[in-house]
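First comes the structure, then the notes that go with it.
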Amino acid sequence: MPGPIGRQSVTVIEAPLVPGDYGTTVRDWDNAAELTIGGCTIDYTSNSRARQAGDQTITRAQLYMPRRALPITTDMRVRWDGRTWEVDGVPSHAEGAGPLSGQTVALVEVQGG
């Protein structure tokens with residue numbers, strides 16, 4: 001069951017592209033812009049732990065954005081509940097869920113390795 005529906009806030013983090021090695025471009029997370037968005041619903045969906053060469057914990061969450069909020073892309077990160085999350089896969093388009101819905105974003109956090 002999600003947390004307080006429509007009453008949570010997340011911070012969206014977007015890093016600029018900068019020149020990298022060998023003519024590539026990379027994200028500059030040290031100089032990223034942050035934007036806090038309220039009116040969200042977010043909750044943990046699963047977690048797992050693997051014990052092989054090293055312990056690894058994978059935690060997943062689902063983020064439901066309010067309608068007309070900043071669109072989240074795969075190149076962004078989200079800070080919530082004291083953690084920084086990666087976008088897992090391609091976020092849905094808000095239009096696909098109807099005119100009153102916002103974007104749905106799957107998040108993942110991988111620790112260890």
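Identifiers in the structure tokens: chain A, B, ... in order shown; residue index from 1 per chain; ligand index from 1 in order shown.
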
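For Pro71 (chain A), the residues within 12 Å (counting only C-alpha atoms, excluding itself and residues fewer than 4 positions away along the chain) are Val12, Ile13, Glu14, Leu35, Ile37, Tyr64, Met65, Pro66, Arg67, Asp75, Met76, Val90, Pro91, Ser92, His93, Ala94, Glu95, Gly102, Gln103, Thr104 and Val105 of chain A.
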
Restricting the output to N, CA, C and O atoms, write the selected residues as a PDB file, in the first residue's frame.
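Produced file again-v5.pdb, reproduced below:
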```pdb
ATOM      1  N   VAL A  12      13.949  15.797  -7.932  1.00  0.00           N
ATOM      2  CA  VAL A  12      14.409  15.310  -9.223  1.00  0.00           C
ATOM      3  C   VAL A  12      15.777  15.927  -9.488  1.00  0.00           C
ATOM      4  O   VAL A  12      15.963  17.134  -9.322  1.00  0.00           O
ATOM      5  N   ILE A  13      16.732  15.093  -9.884  1.00  0.00           N
ATOM      6  CA  ILE A  13      18.108  15.534 -10.104  1.00  0.00           C
ATOM      7  C   ILE A  13      18.453  15.325 -11.574  1.00  0.00           C
ATOM      8  O   ILE A  13      18.306  14.221 -12.102  1.00  0.00           O
ATOM      9  N   GLU A  14      18.907  16.407 -12.218  1.00  0.00           N
ATOM     10  CA  GLU A  14      19.274  16.333 -13.627  1.00  0.00           C
ATOM     11  C   GLU A  14      20.668  16.915 -13.805  1.00  0.00           C
ATOM     12  O   GLU A  14      20.930  18.054 -13.428  1.00  0.00           O
ATOM     13  N   LEU A  35      15.248  19.845  -8.377  1.00  0.00           N
ATOM     14  CA  LEU A  35      13.920  20.438  -8.338  1.00  0.00           C
ATOM     15  C   LEU A  35      13.035  19.563  -7.460  1.00  0.00           C
ATOM     16  O   LEU A  35      12.909  18.360  -7.712  1.00  0.00           O
ATOM     17  N   ILE A  37       9.475  18.297  -6.211  1.00  0.00           N
ATOM     18  CA  ILE A  37       8.117  18.187  -6.742  1.00  0.00           C
ATOM     19  C   ILE A  37       7.233  17.574  -5.664  1.00  0.00           C
ATOM     20  O   ILE A  37       7.498  16.481  -5.169  1.00  0.00           O
ATOM     21  N   TYR A  64       4.529   7.797  -8.601  1.00  0.00           N
ATOM     22  CA  TYR A  64       3.407   8.314  -9.373  1.00  0.00           C
ATOM     23  C   TYR A  64       3.458   9.831  -9.268  1.00  0.00           C
ATOM     24  O   TYR A  64       3.278  10.396  -8.187  1.00  0.00           O
ATOM     25  N   MET A  65       3.743  10.471 -10.387  1.00  0.00           N
ATOM     26  CA  MET A  65       3.883  11.919 -10.420  1.00  0.00           C
ATOM     27  C   MET A  65       2.513  12.576 -10.547  1.00  0.00           C
ATOM     28  O   MET A  65       1.587  11.994 -11.112  1.00  0.00           O
ATOM     29  N   PRO A  66       2.390  13.817 -10.045  1.00  0.00           N
ATOM     30  CA  PRO A  66       1.130  14.535 -10.266  1.00  0.00           C
ATOM     31  C   PRO A  66       1.021  14.949 -11.738  1.00  0.00           C
ATOM     32  O   PRO A  66       2.029  15.051 -12.434  1.00  0.00           O
ATOM     33  N   ARG A  67      -0.188  15.162 -12.188  1.00  0.00           N
ATOM     34  CA  ARG A  67      -0.347  15.574 -13.584  1.00  0.00           C
ATOM     35  C   ARG A  67       0.303  16.934 -13.799  1.00  0.00           C
ATOM     36  O   ARG A  67       0.389  17.743 -12.878  1.00  0.00           O
ATOM     37  N   ASP A  75      17.585   9.750 -17.964  1.00  0.00           N
ATOM     38  CA  ASP A  75      18.841  10.413 -17.616  1.00  0.00           C
ATOM     39  C   ASP A  75      18.780  11.175 -16.296  1.00  0.00           C
ATOM     40  O   ASP A  75      19.700  11.915 -15.967  1.00  0.00           O
ATOM     41  N   MET A  76      17.702  11.036 -15.560  1.00  0.00           N
ATOM     42  CA  MET A  76      17.537  11.746 -14.295  1.00  0.00           C
ATOM     43  C   MET A  76      17.665  10.782 -13.115  1.00  0.00           C
ATOM     44  O   MET A  76      17.606   9.565 -13.287  1.00  0.00           O
ATOM     45  N   VAL A  90      12.242   2.756 -19.021  1.00  0.00           N
ATOM     46  CA  VAL A  90      11.709   3.980 -19.614  1.00  0.00           C
ATOM     47  C   VAL A  90      10.419   4.354 -18.888  1.00  0.00           C
ATOM     48  O   VAL A  90       9.496   3.534 -18.822  1.00  0.00           O
ATOM     49  N   PRO A  91      10.342   5.553 -18.324  1.00  0.00           N
ATOM     50  CA  PRO A  91       9.115   5.966 -17.633  1.00  0.00           C
ATOM     51  C   PRO A  91       7.927   6.017 -18.593  1.00  0.00           C
ATOM     52  O   PRO A  91       8.088   6.285 -19.788  1.00  0.00           O
ATOM     53  N   SER A  92       6.740   5.778 -18.057  1.00  0.00           N
ATOM     54  CA  SER A  92       5.541   5.821 -18.887  1.00  0.00           C
ATOM     55  C   SER A  92       5.223   7.252 -19.291  1.00  0.00           C
ATOM     56  O   SER A  92       5.678   8.202 -18.671  1.00  0.00           O
ATOM     57  N   HIS A  93       4.422   7.386 -20.329  1.00  0.00           N
ATOM     58  CA  HIS A  93       3.933   8.695 -20.743  1.00  0.00           C
ATOM     59  C   HIS A  93       2.626   8.955 -20.015  1.00  0.00           C
ATOM     60  O   HIS A  93       1.753   8.098 -19.967  1.00  0.00           O
ATOM     61  N   ALA A  94       2.499  10.122 -19.455  1.00  0.00           N
ATOM     62  CA  ALA A  94       1.289  10.451 -18.699  1.00  0.00           C
ATOM     63  C   ALA A  94       0.036  10.364 -19.566  1.00  0.00           C
ATOM     64  O   ALA A  94      -1.028   9.968 -19.098  1.00  0.00           O
ATOM     65  N   GLU A  95       0.149  10.712 -20.835  1.00  0.00           N
ATOM     66  CA  GLU A  95      -1.022  10.704 -21.710  1.00  0.00           C
ATOM     67  C   GLU A  95      -1.631   9.314 -21.847  1.00  0.00           C
ATOM     68  O   GLU A  95      -2.816   9.170 -22.086  1.00  0.00           O
ATOM     69  N   GLY A 102      -0.797  11.385 -13.938  1.00  0.00           N
ATOM     70  CA  GLY A 102       0.568  11.831 -14.171  1.00  0.00           C
ATOM     71  C   GLY A 102       1.432  10.673 -14.617  1.00  0.00           C
ATOM     72  O   GLY A 102       0.966   9.552 -14.805  1.00  0.00           O
ATOM     73  N   GLN A 103       2.685  10.934 -14.734  1.00  0.00           N
ATOM     74  CA  GLN A 103       3.649   9.944 -15.192  1.00  0.00           C
ATOM     75  C   GLN A 103       3.929   8.911 -14.097  1.00  0.00           C
ATOM     76  O   GLN A 103       3.943   9.233 -12.915  1.00  0.00           O
ATOM     77  N   THR A 104       4.171   7.667 -14.495  1.00  0.00           N
ATOM     78  CA  THR A 104       4.556   6.599 -13.581  1.00  0.00           C
ATOM     79  C   THR A 104       6.009   6.247 -13.856  1.00  0.00           C
ATOM     80  O   THR A 104       6.386   6.019 -15.008  1.00  0.00           O
ATOM     81  N   VAL A 105       6.829   6.200 -12.777  1.00  0.00           N
ATOM     82  CA  VAL A 105       8.262   5.978 -12.933  1.00  0.00           C
ATOM     83  C   VAL A 105       8.704   4.854 -12.002  1.00  0.00           C
ATOM     84  O   VAL A 105       8.465   4.914 -10.794  1.00  0.00           O
TER      85      VAL A 105
END
```

Secondary structure check, strand (DSSP E) residues of region 20-58 of chain A, as an NGL selection string: :A and (25-27 or 33-51 or 55-58)

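Residue nearest Trp85 (chain A) within the list A:Leu70, A:Val26, A:Val18, A:Val10: A:Val10 [criterion: smallest interatomic distance, only C-alpha atoms].
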
Shortest contact to Ile58 (chain A), candidates A:Thr73, A:Gln111, A:Cys40, A:Pro4, atoms counted only C-alpha atoms, goes to A:Gln111

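The spacing separating CA of Thr45 (chain A) from CA of Asp88 (chain A) amounts to 12.6 Å.
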
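Taking CA of Ser101 (chain A) as the reference point, CA of Gln62 (chain A) is found at 14.6 Å.
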
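Separating CA of Leu17 (chain A) from CA of Gln56 (chain A) is a distance of 29.0 Å.
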
- Message: So that I can see what lies close to Arg83 (chain A), please list as number ranges by chain the residues with an atom at most 12 Å from it, counting only C-alpha atoms and leaving out residues fewer than 5 positions away in the same chain.
- Response: A: 10-12, 44, 59-61, 77-78, 107-111

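Restricting the calculation to only C-alpha atoms, the smallest distance between Leu63 (chain A) and any of A:Gly112, A:Pro19, A:Gly6, A:Gly82 is found for A:Gly6.
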
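Assigned to helix (DSSP H, G or I) in chain A, given DSSP computed from backbone atoms, are Asp21, Tyr22, Gly23, Trp29, Asp30, Asn31, Ala94, Glu95, Gly96 and Ala97 of chain A.
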